[in-house]
file coords-v3.txt (compact mmCIF, C-alpha atoms)
# COMPACT_ATOMS: atom_id res chain seq x y z
CA MET C 1 397.45 -69.10 28.86
CA PHE C 2 397.56 -70.65 32.28
CA PRO C 3 399.74 -73.69 32.75
CA VAL C 4 397.64 -76.63 33.70
CA THR C 5 398.83 -78.26 36.85
CA SER C 6 397.33 -80.76 39.10
CA GLU C 7 396.16 -77.83 41.20
CA HIS C 8 393.44 -77.20 38.68
CA ARG C 9 392.12 -80.62 38.87
CA ARG C 10 392.10 -80.45 42.58
CA GLY C 11 389.96 -77.40 42.60
CA ASN C 12 392.44 -74.59 43.13
CA ASN C 13 391.29 -71.36 41.66
CA PRO C 14 394.02 -70.51 39.13
CA LEU C 15 393.35 -66.79 39.39
CA THR C 16 393.61 -66.34 43.09
CA GLY C 17 395.76 -69.33 43.87
CA GLN C 18 393.27 -70.07 46.62
CA ALA C 19 392.36 -73.62 47.11
CA SER C 20 388.69 -74.36 47.09
CA ASN C 21 387.20 -76.31 49.87
CA GLU C 22 387.39 -79.54 47.93
CA CYS C 23 391.09 -79.69 48.70
CA ASP C 24 392.71 -77.87 51.57
CA PRO C 25 396.19 -76.27 51.26
CA ALA C 26 397.85 -79.25 52.87
CA CYS C 27 396.40 -81.63 50.39
CA ALA C 28 397.43 -79.31 47.53
CA LYS C 29 400.99 -79.20 48.84
CA GLN C 30 401.03 -82.90 49.09
CA ALA C 31 399.78 -83.28 45.57
CA ARG C 32 402.44 -80.97 44.22
CA GLY C 33 405.32 -82.31 46.26
CA ASP C 34 404.66 -85.97 46.30
CA LYS C 35 402.69 -86.94 43.28
CA GLY C 36 403.39 -84.12 40.76
CA GLY C 37 404.02 -85.39 37.20
CA SER C 38 403.18 -88.98 37.82
CA VAL C 39 400.45 -91.15 36.31
CA PRO C 40 397.41 -91.35 36.22
CA ASP C 41 396.67 -87.57 36.09
CA SER C 42 399.65 -86.58 33.99
CA PRO C 43 399.75 -82.96 32.74
CA LEU C 44 400.80 -84.36 29.36
CA ARG C 45 397.53 -86.15 28.97
CA ASN C 46 395.73 -82.86 29.54
CA GLY C 47 398.04 -81.15 27.12
CA ALA C 48 396.85 -83.60 24.49
CA HIS C 49 393.29 -82.57 25.23
CA LEU C 50 394.22 -78.97 24.76
CA ILE C 51 395.94 -79.67 21.48
CA LEU C 52 392.85 -81.50 20.32
CA LEU C 53 390.75 -78.54 21.32
CA LEU C 54 393.08 -76.16 19.53
CA ALA C 55 393.01 -78.31 16.41
CA ALA C 56 389.22 -78.34 16.45
CA LEU C 57 389.21 -74.57 16.81
CA LEU C 58 391.64 -74.12 13.93
CA ALA C 59 389.64 -76.48 11.76
CA GLY C 60 386.53 -74.48 12.59
CA ILE C 61 388.21 -71.22 11.65
CA ALA C 62 389.53 -72.75 8.45
CA ILE C 63 386.08 -74.00 7.45
CA PHE C 64 384.62 -70.60 8.28
CA LEU C 65 387.21 -68.85 6.13
CA VAL C 66 386.72 -71.22 3.22
CA VAL C 67 382.94 -70.87 3.32
CA ARG C 68 383.25 -67.11 3.72
CA GLN C 69 385.58 -66.94 0.75
CA ALA C 70 383.12 -68.94 -1.32
CA VAL C 71 380.01 -67.02 -0.28
CA ILE C 72 381.21 -63.42 -0.16
CA PRO C 73 381.78 -62.04 -3.64
CA GLU C 74 385.00 -60.44 -4.76
CA GLY C 75 385.50 -56.86 -3.69
CA PHE C 76 382.76 -56.90 -1.08
CA GLY C 77 383.42 -54.24 1.54
CA LEU C 78 386.10 -52.40 -0.41
CA TYR C 79 384.06 -49.16 -0.43
CA GLY C 80 381.24 -50.13 1.91
CA HIS C 81 378.80 -52.89 2.66
CA TYR C 82 378.44 -53.91 -0.98
CA ARG C 83 380.30 -55.49 -3.87
CA ALA C 84 382.71 -52.95 -5.32
CA GLY C 85 382.17 -54.35 -8.83
CA ALA C 86 378.52 -53.29 -8.66
CA LEU C 87 379.60 -49.70 -9.29
CA LYS C 88 381.22 -50.74 -12.54
CA ASP C 89 378.25 -52.94 -13.50
CA ASN C 90 375.97 -49.94 -13.14
CA ARG C 91 378.32 -47.80 -15.21
CA MET C 92 378.51 -50.26 -18.08
CA LYS C 93 374.86 -49.93 -19.20
CA PRO C 94 374.39 -48.76 -22.80
CA VAL C 95 373.45 -45.15 -23.56
CA SER C 96 370.39 -44.45 -25.77
CA PHE C 97 370.24 -40.66 -25.68
CA ALA C 98 373.39 -39.31 -27.27
CA GLY C 99 372.88 -35.74 -26.11
CA ARG C 100 372.40 -32.53 -28.03
CA GLU C 101 376.10 -31.70 -28.50
CA VAL C 102 376.57 -34.93 -30.44
CA CYS C 103 373.69 -34.18 -32.83
CA ALA C 104 374.84 -30.61 -33.29
CA GLY C 105 378.24 -31.92 -34.34
CA CYS C 106 376.69 -33.09 -37.65
CA HIS C 107 373.34 -31.32 -37.90
CA PHE C 108 374.57 -27.79 -37.78
CA ASP C 109 371.50 -26.11 -39.32
CA PRO C 110 368.76 -27.48 -37.06
CA ASP C 111 370.92 -26.61 -34.09
CA GLU C 112 371.41 -23.03 -35.31
CA ALA C 113 367.71 -22.65 -36.05
CA LEU C 114 366.74 -24.06 -32.71
CA ARG C 115 369.04 -21.81 -30.74
CA ALA C 116 367.62 -18.74 -32.43
CA GLY C 117 364.05 -19.50 -31.36
CA LYS C 118 361.90 -20.24 -28.37
CA HIS C 119 362.66 -23.96 -28.63
CA GLY C 120 366.32 -23.15 -28.08
CA LYS C 121 366.69 -25.05 -24.84
CA ILE C 122 364.94 -28.22 -26.00
CA SER C 123 367.22 -31.14 -26.77
CA CYS C 124 366.98 -32.74 -30.22
CA GLU C 125 366.11 -36.13 -28.79
CA THR C 126 363.17 -34.77 -26.80
CA CYS C 127 361.35 -34.56 -30.12
CA HIS C 128 363.31 -37.06 -32.22
CA GLY C 129 363.60 -39.80 -29.61
CA PRO C 130 366.75 -41.64 -28.52
CA GLN C 131 369.20 -41.63 -31.44
CA SER C 132 372.56 -42.79 -30.11
CA ALA C 133 372.59 -45.65 -32.62
CA HIS C 134 372.03 -43.23 -35.49
CA ALA C 135 374.63 -40.79 -34.12
CA ALA C 136 377.23 -43.55 -33.81
CA ASP C 137 376.57 -44.71 -37.37
CA PRO C 138 374.28 -42.49 -39.50
CA ALA C 139 374.32 -45.09 -42.27
CA SER C 140 372.59 -47.54 -39.95
CA GLY C 141 369.29 -45.78 -40.41
CA VAL C 142 367.59 -42.44 -40.92
CA PRO C 143 365.43 -41.44 -37.94
CA ALA C 144 361.75 -41.21 -38.76
CA LYS C 145 360.32 -37.70 -38.90
CA PRO C 146 358.30 -37.02 -35.78
CA ASN C 147 354.56 -36.66 -36.12
CA ALA C 148 354.32 -32.95 -35.49
CA GLN C 149 350.64 -32.95 -34.62
CA GLY C 150 350.84 -35.25 -31.62
CA LEU C 151 354.24 -33.91 -30.65
CA CYS C 152 353.29 -30.25 -30.44
CA ARG C 153 350.01 -30.87 -28.70
CA ARG C 154 351.57 -32.93 -25.98
CA CYS C 155 353.52 -29.92 -24.87
CA HIS C 156 351.26 -27.08 -25.95
CA GLU C 157 347.66 -28.25 -25.59
CA SER C 158 345.87 -26.07 -23.04
CA ASP C 159 345.77 -27.70 -19.63
CA ALA C 160 344.82 -26.02 -16.37
CA ALA C 161 347.57 -27.95 -14.55
CA LYS C 162 350.30 -26.42 -16.71
CA PRO C 163 352.00 -23.32 -15.36
CA ALA C 164 350.15 -20.26 -16.64
CA HIS C 165 353.30 -18.69 -18.09
CA PHE C 166 353.75 -21.55 -20.56
CA PRO C 167 352.38 -20.84 -24.09
CA GLN C 168 349.35 -23.07 -24.63
CA VAL C 169 346.69 -23.32 -27.31
CA ALA C 170 343.39 -25.14 -27.60
CA SER C 171 344.32 -26.84 -30.86
CA VAL C 172 340.73 -27.21 -32.11
CA SER C 173 340.04 -23.51 -32.07
CA HIS C 174 343.68 -22.52 -32.75
CA SER C 175 344.28 -24.45 -35.95
CA GLY C 176 341.05 -26.29 -36.60
CA GLY C 177 342.90 -29.57 -37.08
CA ALA C 178 345.49 -28.23 -39.56
CA ALA C 179 348.98 -29.65 -39.01
CA CYS C 180 350.92 -27.48 -36.60
CA ASN C 181 354.00 -27.52 -38.83
CA SER C 182 352.02 -26.16 -41.79
CA CYS C 183 352.30 -22.78 -40.07
CA HIS C 184 355.04 -23.24 -37.45
CA GLU C 185 358.60 -24.36 -38.11
CA PRO C 186 359.23 -27.08 -35.49
CA HIS C 187 362.81 -25.96 -35.03
CA LYS C 188 361.87 -22.30 -34.97
CA PRO C 189 358.23 -22.07 -33.94
CA GLY C 190 358.06 -18.28 -33.88
CA PHE C 191 355.95 -16.40 -36.32
CA ALA C 192 358.54 -15.33 -38.88
CA LYS C 193 357.28 -17.87 -41.37
CA ILE C 194 353.62 -17.04 -40.90
CA ALA C 195 353.73 -13.36 -40.10
CA GLY C 196 353.27 -12.30 -43.69
CA GLU C 197 350.69 -14.92 -44.57
CA ARG C 198 348.30 -14.70 -41.67
CA SER C 199 347.13 -12.07 -39.34
CA GLY C 200 347.19 -13.34 -35.80
CA LYS C 201 344.53 -16.02 -35.84
CA LYS C 202 344.46 -17.74 -32.51
CA MET X 1 403.61 -65.39 15.93
CA LYS X 2 405.11 -62.31 17.49
CA ASP X 3 402.79 -60.47 19.79
CA LEU X 4 401.39 -57.19 18.44
CA SER X 5 401.10 -54.27 20.74
CA ARG X 6 397.99 -52.21 20.27
CA ARG X 7 400.05 -49.45 18.67
CA GLN X 8 401.64 -51.85 16.21
CA LEU X 9 398.24 -53.23 15.33
CA PHE X 10 396.90 -49.76 14.51
CA GLU X 11 399.98 -49.04 12.43
CA LYS X 12 399.56 -52.20 10.45
CA ALA X 13 395.82 -51.65 9.98
CA GLY X 14 396.50 -48.10 8.82
CA ARG X 15 399.06 -49.25 6.30
CA PHE X 16 396.65 -51.90 5.03
CA LEU X 17 393.89 -49.32 4.55
CA ILE X 18 396.18 -46.93 2.68
CA LEU X 19 397.40 -49.74 0.45
CA SER X 20 393.90 -50.97 -0.36
CA ASN X 21 392.86 -47.39 -1.17
CA ALA X 22 395.81 -47.08 -3.52
CA ALA X 23 394.72 -50.31 -5.16
CA ALA X 24 391.22 -48.91 -5.54
CA ALA X 25 392.59 -45.72 -7.08
CA ALA X 26 394.67 -47.74 -9.52
CA LEU X 27 391.56 -49.72 -10.42
CA ASN X 28 389.64 -46.53 -11.07
CA SER X 29 392.26 -45.07 -13.37
CA ALA X 30 392.40 -48.32 -15.32
CA GLU X 31 388.78 -47.73 -16.40
CA PRO X 32 388.03 -46.30 -19.85
CA ASN X 33 387.53 -42.72 -18.69
CA PRO X 34 388.82 -41.64 -15.32
CA TYR X 35 386.03 -40.71 -12.99
CA SER X 36 386.58 -40.17 -9.32
CA THR X 37 383.66 -40.95 -7.06
CA ALA X 38 385.24 -38.71 -4.43
CA ASP X 39 384.69 -35.59 -6.54
CA HIS X 40 380.91 -35.82 -6.86
CA TRP X 41 377.77 -35.85 -4.76
CA TRP X 42 374.77 -36.28 -7.01
CA GLY X 43 371.22 -35.09 -6.59
CA MET X 44 368.46 -33.49 -8.63
CA THR X 45 366.50 -30.27 -8.63
CA ILE X 46 362.86 -30.07 -9.73
CA ASP X 47 361.14 -26.80 -10.44
CA ILE X 48 357.39 -27.31 -10.07
CA ASP X 49 356.73 -23.97 -11.80
CA GLN X 50 358.35 -25.25 -14.97
CA CYS X 51 356.82 -28.72 -15.24
CA ILE X 52 354.23 -28.92 -18.03
CA GLY X 53 353.45 -32.62 -17.54
CA CYS X 54 354.51 -33.56 -21.06
CA GLY X 55 355.83 -36.91 -19.81
CA ASN X 56 358.98 -36.82 -21.92
CA CYS X 57 361.09 -37.52 -18.82
CA ALA X 58 359.20 -40.69 -17.96
CA ALA X 59 359.26 -41.85 -21.59
CA ALA X 60 362.96 -41.10 -21.93
CA CYS X 61 363.73 -42.98 -18.72
CA GLN X 62 361.92 -46.01 -20.03
CA ALA X 63 363.78 -45.90 -23.34
CA GLU X 64 367.17 -45.31 -21.77
CA ASN X 65 366.90 -47.89 -19.01
CA LYS X 66 364.65 -50.48 -20.69
CA VAL X 67 362.12 -50.13 -17.89
CA PRO X 68 359.40 -52.77 -18.32
CA GLU X 69 355.89 -51.66 -19.30
CA GLU X 70 353.74 -50.45 -16.42
CA PHE X 71 356.70 -50.03 -14.11
CA HIS X 72 358.26 -46.67 -13.48
CA ARG X 73 361.62 -45.47 -12.32
CA THR X 74 360.34 -41.94 -12.64
CA TRP X 75 356.79 -40.77 -13.16
CA ILE X 76 354.65 -37.64 -13.09
CA GLU X 77 351.67 -37.07 -10.84
CA ARG X 78 348.95 -34.53 -11.52
CA TYR X 79 347.53 -33.02 -8.36
CA GLN X 80 344.16 -31.35 -7.95
CA VAL X 81 343.37 -29.62 -4.69
CA GLN X 82 339.78 -28.53 -4.06
CA GLY X 83 339.56 -25.35 -2.02
CA ASP X 84 341.23 -25.81 1.35
CA ASP X 85 341.07 -29.60 1.31
CA TYR X 86 344.79 -30.21 1.52
CA GLN X 87 344.25 -33.55 3.20
CA HIS X 88 342.61 -35.14 0.18
CA PRO X 89 344.23 -34.02 -3.04
CA GLN X 90 343.15 -35.92 -6.13
CA VAL X 91 346.24 -37.52 -7.66
CA GLU X 92 346.49 -39.25 -11.02
CA SER X 93 349.36 -40.69 -13.02
CA PRO X 94 348.13 -42.63 -16.09
CA HIS X 95 351.02 -44.83 -17.32
CA GLY X 96 353.25 -42.76 -15.07
CA GLY X 97 352.56 -39.83 -17.36
CA ARG X 98 354.68 -41.42 -20.08
CA GLU X 99 352.11 -40.66 -22.73
CA GLY X 100 351.23 -37.26 -21.35
CA PHE X 101 347.94 -36.32 -19.68
CA THR X 102 344.53 -35.57 -21.05
CA PRO X 103 344.12 -31.81 -20.79
CA LEU X 104 342.40 -30.59 -17.67
CA PRO X 105 339.72 -27.93 -18.23
CA GLU X 106 339.82 -24.75 -16.18
CA SER X 107 338.10 -25.34 -12.86
CA ALA X 108 337.96 -24.08 -9.30
CA ALA X 109 340.59 -26.62 -8.26
CA LYS X 110 344.25 -25.83 -7.97
CA SER X 111 346.22 -28.20 -10.17
CA PHE X 112 349.86 -28.85 -10.93
CA TYR X 113 352.34 -31.55 -11.95
CA VAL X 114 354.87 -33.24 -9.69
CA PRO X 115 357.61 -35.41 -11.22
CA LYS X 116 358.84 -38.11 -8.88
CA LEU X 117 361.82 -40.43 -8.75
CA CYS X 118 364.18 -42.05 -6.28
CA ASN X 119 365.29 -39.40 -3.81
CA HIS X 120 368.81 -40.84 -3.53
CA CYS X 121 368.66 -40.43 0.23
CA ALA X 122 371.91 -39.95 2.08
CA THR X 123 370.65 -42.14 4.95
CA SER X 124 368.35 -44.36 3.00
CA PRO X 125 365.87 -46.74 4.62
CA CYS X 126 366.13 -49.11 1.66
CA VAL X 127 369.87 -49.52 2.13
CA GLN X 128 369.43 -50.12 5.84
CA VAL X 129 367.00 -52.99 5.41
CA CYS X 130 368.84 -54.90 2.68
CA PRO X 131 369.92 -58.17 4.27
CA VAL X 132 372.71 -58.97 1.80
CA GLY X 133 374.27 -55.62 0.87
CA ALA X 134 372.82 -55.68 -2.64
CA THR X 135 371.54 -52.10 -2.46
CA PHE X 136 373.83 -49.37 -1.35
CA GLU X 137 374.73 -45.71 -1.51
CA SER X 138 377.65 -45.20 -3.86
CA PRO X 139 380.53 -42.99 -2.68
CA ASP X 140 379.18 -40.26 -4.99
CA GLY X 141 375.72 -40.33 -3.45
CA VAL X 142 373.64 -42.51 -5.76
CA VAL X 143 371.51 -45.34 -4.38
CA LEU X 144 372.18 -48.35 -6.61
CA VAL X 145 371.21 -52.00 -6.84
CA ASP X 146 373.66 -54.84 -7.41
CA GLU X 147 371.55 -56.92 -9.78
CA SER X 148 373.85 -59.91 -9.64
CA TYR X 149 373.68 -60.05 -5.85
CA CYS X 150 370.08 -59.07 -5.06
CA VAL X 151 368.00 -61.98 -3.78
CA GLY X 152 364.66 -60.31 -4.58
CA CYS X 153 363.38 -60.36 -1.00
CA ARG X 154 361.41 -57.10 -1.46
CA TYR X 155 362.38 -55.59 1.90
CA CYS X 156 363.67 -52.48 0.16
CA VAL X 157 360.49 -52.15 -1.89
CA GLN X 158 358.56 -52.07 1.38
CA ALA X 159 361.01 -49.76 3.11
CA CYS X 160 361.12 -46.99 0.51
CA PRO X 161 358.89 -44.16 1.78
CA TYR X 162 358.57 -42.79 -1.75
CA GLY X 163 357.45 -45.96 -3.52
CA THR X 164 360.23 -45.73 -6.06
CA ARG X 165 361.25 -49.39 -6.12
CA PHE X 166 359.76 -52.43 -7.79
CA ILE X 167 360.70 -56.00 -8.53
CA HIS X 168 361.72 -56.39 -12.16
CA PRO X 169 359.21 -58.85 -13.64
CA GLU X 170 361.83 -60.78 -15.63
CA LYS X 171 365.00 -60.43 -13.61
CA GLN X 172 363.19 -60.84 -10.26
CA VAL X 173 365.51 -58.38 -8.58
CA ALA X 174 364.88 -54.94 -7.11
CA ASP X 175 364.88 -52.23 -9.77
CA LYS X 176 364.96 -48.48 -9.39
CA CYS X 177 366.25 -45.17 -10.69
CA THR X 178 370.05 -45.19 -10.92
CA LEU X 179 370.15 -41.46 -11.62
CA CYS X 180 371.47 -42.76 -14.96
CA TYR X 181 374.72 -43.72 -13.26
CA HIS X 182 376.02 -44.98 -16.62
CA ARG X 183 375.50 -41.50 -18.08
CA ILE X 184 376.48 -39.14 -15.28
CA THR X 185 379.79 -40.95 -14.71
CA GLN X 186 380.77 -40.10 -18.28
CA GLY X 187 379.78 -36.47 -18.26
CA LEU X 188 376.26 -36.77 -19.65
CA THR X 189 373.13 -35.66 -17.84
CA THR X 190 370.34 -38.09 -16.92
CA ALA X 191 367.93 -39.19 -19.67
CA CYS X 192 365.02 -37.46 -17.92
CA ALA X 193 366.87 -34.16 -17.65
CA GLU X 194 368.05 -34.50 -21.26
CA ALA X 195 364.44 -34.92 -22.40
CA CYS X 196 362.93 -32.19 -20.22
CA PRO X 197 362.00 -29.29 -22.55
CA THR X 198 361.67 -26.64 -19.85
CA GLY X 199 364.57 -27.41 -17.55
CA ALA X 200 362.13 -28.36 -14.80
CA ARG X 201 364.38 -31.22 -13.78
CA LYS X 202 368.12 -30.87 -13.63
CA LEU X 203 370.92 -33.09 -12.52
CA ALA X 204 372.87 -31.51 -9.66
CA ASP X 205 376.38 -32.14 -8.44
CA LEU X 206 376.43 -30.80 -4.91
CA LYS X 207 380.21 -31.14 -4.66
CA ASP X 208 380.85 -29.00 -7.73
CA PRO X 209 381.17 -25.38 -6.54
CA LYS X 210 380.27 -24.16 -10.05
CA ASP X 211 377.03 -26.14 -10.28
CA PRO X 212 373.98 -23.82 -10.44
CA VAL X 213 372.35 -26.01 -7.81
CA HIS X 214 373.89 -23.88 -5.05
CA GLU X 215 372.29 -20.71 -6.41
CA PHE X 216 369.05 -22.64 -6.92
CA LEU X 217 368.96 -23.84 -3.31
CA ARG X 218 369.97 -20.48 -1.89
CA THR X 219 367.53 -18.26 -3.77
CA ASN X 220 364.36 -20.36 -3.89
CA THR X 221 361.79 -21.90 -1.59
CA ILE X 222 362.99 -25.49 -1.41
CA GLN X 223 361.35 -28.59 -0.01
CA VAL X 224 362.11 -32.29 -0.08
CA LEU X 225 359.47 -35.02 0.02
CA LYS X 226 358.58 -36.39 3.47
CA PRO X 227 361.16 -34.28 5.35
CA GLN X 228 359.83 -35.64 8.65
CA MET X 229 361.32 -39.02 7.78
CA ALA X 230 364.85 -37.58 7.80
CA THR X 231 365.94 -39.72 4.89
CA GLY X 232 368.47 -37.15 3.67
CA SER X 233 366.69 -36.82 0.32
CA LYS X 234 368.76 -35.19 -2.40
CA VAL X 235 365.88 -34.41 -4.78
CA TYR X 236 365.11 -30.76 -4.12
CA TYR X 237 361.74 -29.35 -5.18
CA LYS X 238 361.21 -25.68 -5.80
CA ASN X 239 357.79 -24.31 -4.76
CA LEU X 240 356.40 -27.70 -3.81
CA ASP X 241 352.79 -27.50 -2.64
CA GLY X 242 351.96 -28.65 0.89
CA ALA X 243 349.37 -31.08 -0.46
CA VAL X 244 352.07 -33.24 -2.06
CA ARG X 245 352.81 -36.49 -0.28
call {"tool": "encode", "arguments": {"input": "coords-v3.txt", "output": "structure tokens"}}
result
Amino acid sequence: MFPVTSEHRRGNNPLTGQASNECDPACAKQARGDKGGSVPDSPLRNGAHLILLLAALLAGIAIFLVVRQAVIPEGFGLYGHYRAGALKDNRMKPVSFAGREVCAGCHFDPDEALRAGKHGKISCETCHGPQSAHAADPASGVPAKPNAQGLCRRCHESDAAKPAHFPQVASVSHSGGAACNSCHEPHKPGFAKIAGERSGKK
Amino acid sequence: MKDLSRRQLFEKAGRFLILSNAAAAALNSAEPNPYSTADHWWGMTIDIDQCIGCGNCAAACQAENKVPEEFHRTWIERYQVQGDDYQHPQVESPHGGREGFTPLPESAAKSFYVPKLCNHCATSPCVQVCPVGATFESPDGVVLVDESYCVGCRYCVQACPYGTRFIHPEKQVADKCTLCYHRITQGLTTACAEACPTGARKLADLKDPKDPVHEFLRTNTIQVLKPQMATGSKVYYKNLDGAVR
């Protein structure tokens, strides 16, 4: 910070020390030598101005900080340009699909049966719907049995847009409206159950 | 106050950063199950050859995330391409495919299903336009929304090149696929992948050297949606048709 002297007021450039043409060097010398420090243009008076200015600046900064504190939520910017707590908020949502391992922990037989057949990779809750509430407390309710007819057709009804390698049937000609699970075991849809009874009706 | 040299300033800033990181780490380990965002980089793989359009993914997403009726965080489109008319494919997605599709009879058209969702872009346009920092890319690569901070201005809905965002009709904030962040951070897969009967869609952790995604990307023909937009999409499609927009 440059000290404020009467030179400033008289138009001296503080950087170069050169007097501007408002006051020639002689006049500047005179001002310094003869009148320096005396009233009416006392450097103290200007110091007061500066202090006022400084105070205003500090007050401004303080107000800015207070408002900033109030407006910007906690943890903002900790990991990036967002509120760090938002990560946790997103993690705290409840889970509806418990996952196959959980079901298999209690329902050993369906899991075994499933693994042995072509439906082996399908998760229980794909057909039975989200059951985390039931898994957490089986006494809370027994899941409804899925409606096999609609269920099977949704995946297996012939559709030109399905990949050709996927097993599909035109249910009308395939079963003539009979329930799919009257011939196929949902958990093990292969033909073991029907092989003896029927001879390859498509 | 004592003057700081530039060097001292850097030293102090460095120390501050290290300390705040340590605080963050402590915070992480205080959570119910330790999960380190630094160890993961999430994405998804979609195998068009496996998708049968059953709609279980879209239905599961709705059930898991309480997605309001007629809004979709993920949905399935059925494409029909007539002959060489790649410019004008016929695309349909009734209820986002949640209830499946009416079977399509054999015809001259080429037809296939394309599941869609947020692409969890590494340099996402939606994040860039958010004026308040309410949508962001998490350190583990998932684009999330801060519901309590979103002002519902809809800039991100406009900015998303994939149309994956909407304004939640009740909450009036931006809503989108979170890649089931609440599930994947506790070792579960996403609801859509859980419900997919054929393994057409799979959660992928690109930072896990043992994840099959690396083999998948290396050995197949892979495409992302709208590659020309350089969004850094992390949803990788296998054998995606050129007609798909």
call {"tool": "closest_residue", "arguments": {"input": "coords-v3.txt", "among": "X:Asp47, X:Glu77, X:Glu215, X:Glu170", "to": "Lys116 (chain X)", "atoms": "all atoms listed in the file"}}
result
X:Glu77
call {"tool": "closest_atom_pairs", "arguments": {"input": "coords-v3.txt", "of": "chain X", "to": "chain C", "cutoff": "6 Å", "atoms": "all atoms listed in the file", "output": "CSV"}}
result
residue,atom,partner,partner_atom,distance
X:Asp49,CA,C:Pro163,CA,6.0
X:Ile52,CA,C:Lys162,CA,4.8
X:Cys54,CA,C:Cys155,CA,5.4
X:Glu64,CA,C:Ser96,CA,5.2
X:Pro103,CA,C:Asp159,CA,4.6
X:Leu104,CA,C:Asp159,CA,4.9
X:Pro105,CA,C:Ala160,CA,5.8
X:Glu106,CA,C:Ala160,CA,5.2
X:Ser111,CA,C:Ala161,CA,4.6
X:Phe112,CA,C:Ala161,CA,4.4
X:Gly133,CA,C:Tyr82,CA,4.9
X:Asp146,CA,C:Ala86,CA,5.3
X:Tyr181,CA,C:Arg91,CA,5.8
X:His182,CA,C:Arg91,CA,3.9
X:Ala195,CA,C:Thr126,CA,4.6
X:Pro197,CA,C:Ile122,CA,4.7
call {"tool": "atom_distance", "arguments": {"input": "coords-v3.txt", "atom1": "CA of Ala178 (chain C)", "atom2": "CA of Cys51 (chain X)"}}
result
26.8 Å
call {"tool": "residues_around", "arguments": {"input": "coords-v3.txt", "residues": "region 85-91 of chain X", "least_positions_apart": "4", "cutoff": "12 Å", "atoms": "all atoms listed in the file", "output": "list in words"}}
result
Ala161 of chain C; Ile76, Glu77, Arg78, Tyr79, Gln80, Val81, Gly96, Gly97, Ala109, Lys110, Ser111, Phe112, Tyr113, Val114, Asp241, Gly242, Ala243, Val244 and Arg245 of chain X
call {"tool": "closest_residue", "arguments": {"input": "coords-v3.txt", "among": "X:Thr185, X:Ser93, X:Ser138, X:Thr178", "to": "Val67 (chain X)", "atoms": "all atoms listed in the file"}}
result
X:Thr178
call {"tool": "axis_aligned_box", "arguments": {"input": "coords-v3.txt", "around": "region 217-230 of chain X", "padding_each_side": "6 Å", "output": "JSON"}}
result
{"center_x": 364.3, "center_y": -28.6, "center_z": 2.4, "size_x": 23.4, "size_y": 32.8, "size_z": 24.5}
call {"tool": "residues_around", "arguments": {"input": "coords-v3.txt", "residues": "Val235 (chain X)", "least_positions_apart": "6", "cutoff": "12 Å", "atoms": "only C-alpha atoms", "output": "number ranges by chain"}}
result
X: 41-47, 115-122, 141-142, 162, 179, 201-206, 213, 217, 222-227
call {"tool": "atom_distance", "arguments": {"input": "coords-v3.txt", "atom1": "CA of His95 (chain X)", "atom2": "CA of Cys57 (chain X)"}}
result
12.5 Å
call {"tool": "atom_distance", "arguments": {"input": "coords-v3.txt", "atom1": "CA of Val142 (chain C)", "atom2": "CA of Asp111 (chain C)"}}
result
17.6 Å
call {"tool": "closest_residue", "arguments": {"input": "coords-v3.txt", "among": "C:Lys188, C:Ala55, C:Asn46, C:Cys183", "to": "Lys118 (chain C)", "atoms": "all atoms listed in the file"}}
result
C:Lys188
call {"tool": "closest_residue", "arguments": {"input": "coords-v3.txt", "among": "X:Gly53, X:Ile167, X:Pro139, X:Glu147", "to": "Ala38 (chain X)", "atoms": "all atoms listed in the file"}}
result
X:Pro139
call {"tool": "closest_residue", "arguments": {"input": "coords-v3.txt", "among": "X:Gly100, X:Pro161, X:Gly187, X:Pro169", "to": "Ala59 (chain X)", "atoms": "only C-alpha atoms"}}
result
X:Gly100
call {"tool": "closest_residue", "arguments": {"input": "coords-v3.txt", "among": "X:Ala58, X:Cys156, X:Ile184, X:Ile48", "to": "Phe71 (chain X)", "atoms": "all atoms listed in the file"}}
result
X:Ala58
call {"tool": "build_atoms", "arguments": {"input": "coords-v3.txt", "residues": "region 161-167 of chain C", "atoms": "N, CA and C atoms", "output": "mmCIF file, in the coordinates of the input"}}
result
data_model
loop_
_atom_site.group_PDB
_atom_site.id
_atom_site.type_symbol
_atom_site.label_atom_id
_atom_site.label_comp_id
_atom_site.auth_asym_id
_atom_site.auth_seq_id
_atom_site.Cartn_x
_atom_site.Cartn_y
_atom_site.Cartn_z
ATOM 1 N N ALA C 161 346.501 -27.575 -15.474
ATOM 2 C CA ALA C 161 347.570 -27.950 -14.550
ATOM 3 C C ALA C 161 348.929 -27.437 -15.005
ATOM 4 N N LYS C 162 349.024 -26.956 -16.250
ATOM 5 C CA LYS C 162 350.300 -26.420 -16.710
ATOM 6 C C LYS C 162 350.512 -25.032 -16.108
ATOM 7 N N PRO C 163 351.760 -24.673 -15.876
ATOM 8 C CA PRO C 163 352.000 -23.320 -15.360
ATOM 9 C C PRO C 163 351.465 -22.288 -16.334
ATOM 10 N N ALA C 164 350.843 -21.232 -15.802
ATOM 11 C CA ALA C 164 350.150 -20.260 -16.640
ATOM 12 C C ALA C 164 351.087 -19.550 -17.608
ATOM 13 N N HIS C 165 352.372 -19.430 -17.232
ATOM 14 C CA HIS C 165 353.300 -18.690 -18.090
ATOM 15 C C HIS C 165 353.690 -19.472 -19.334
ATOM 16 N N PHE C 166 353.347 -20.747 -19.409
ATOM 17 C CA PHE C 166 353.750 -21.550 -20.560
ATOM 18 C C PHE C 166 352.766 -21.349 -21.716
ATOM 19 N N PRO C 167 353.285 -21.082 -22.953
ATOM 20 C CA PRO C 167 352.380 -20.840 -24.090
ATOM 21 C C PRO C 167 351.551 -22.083 -24.435
#
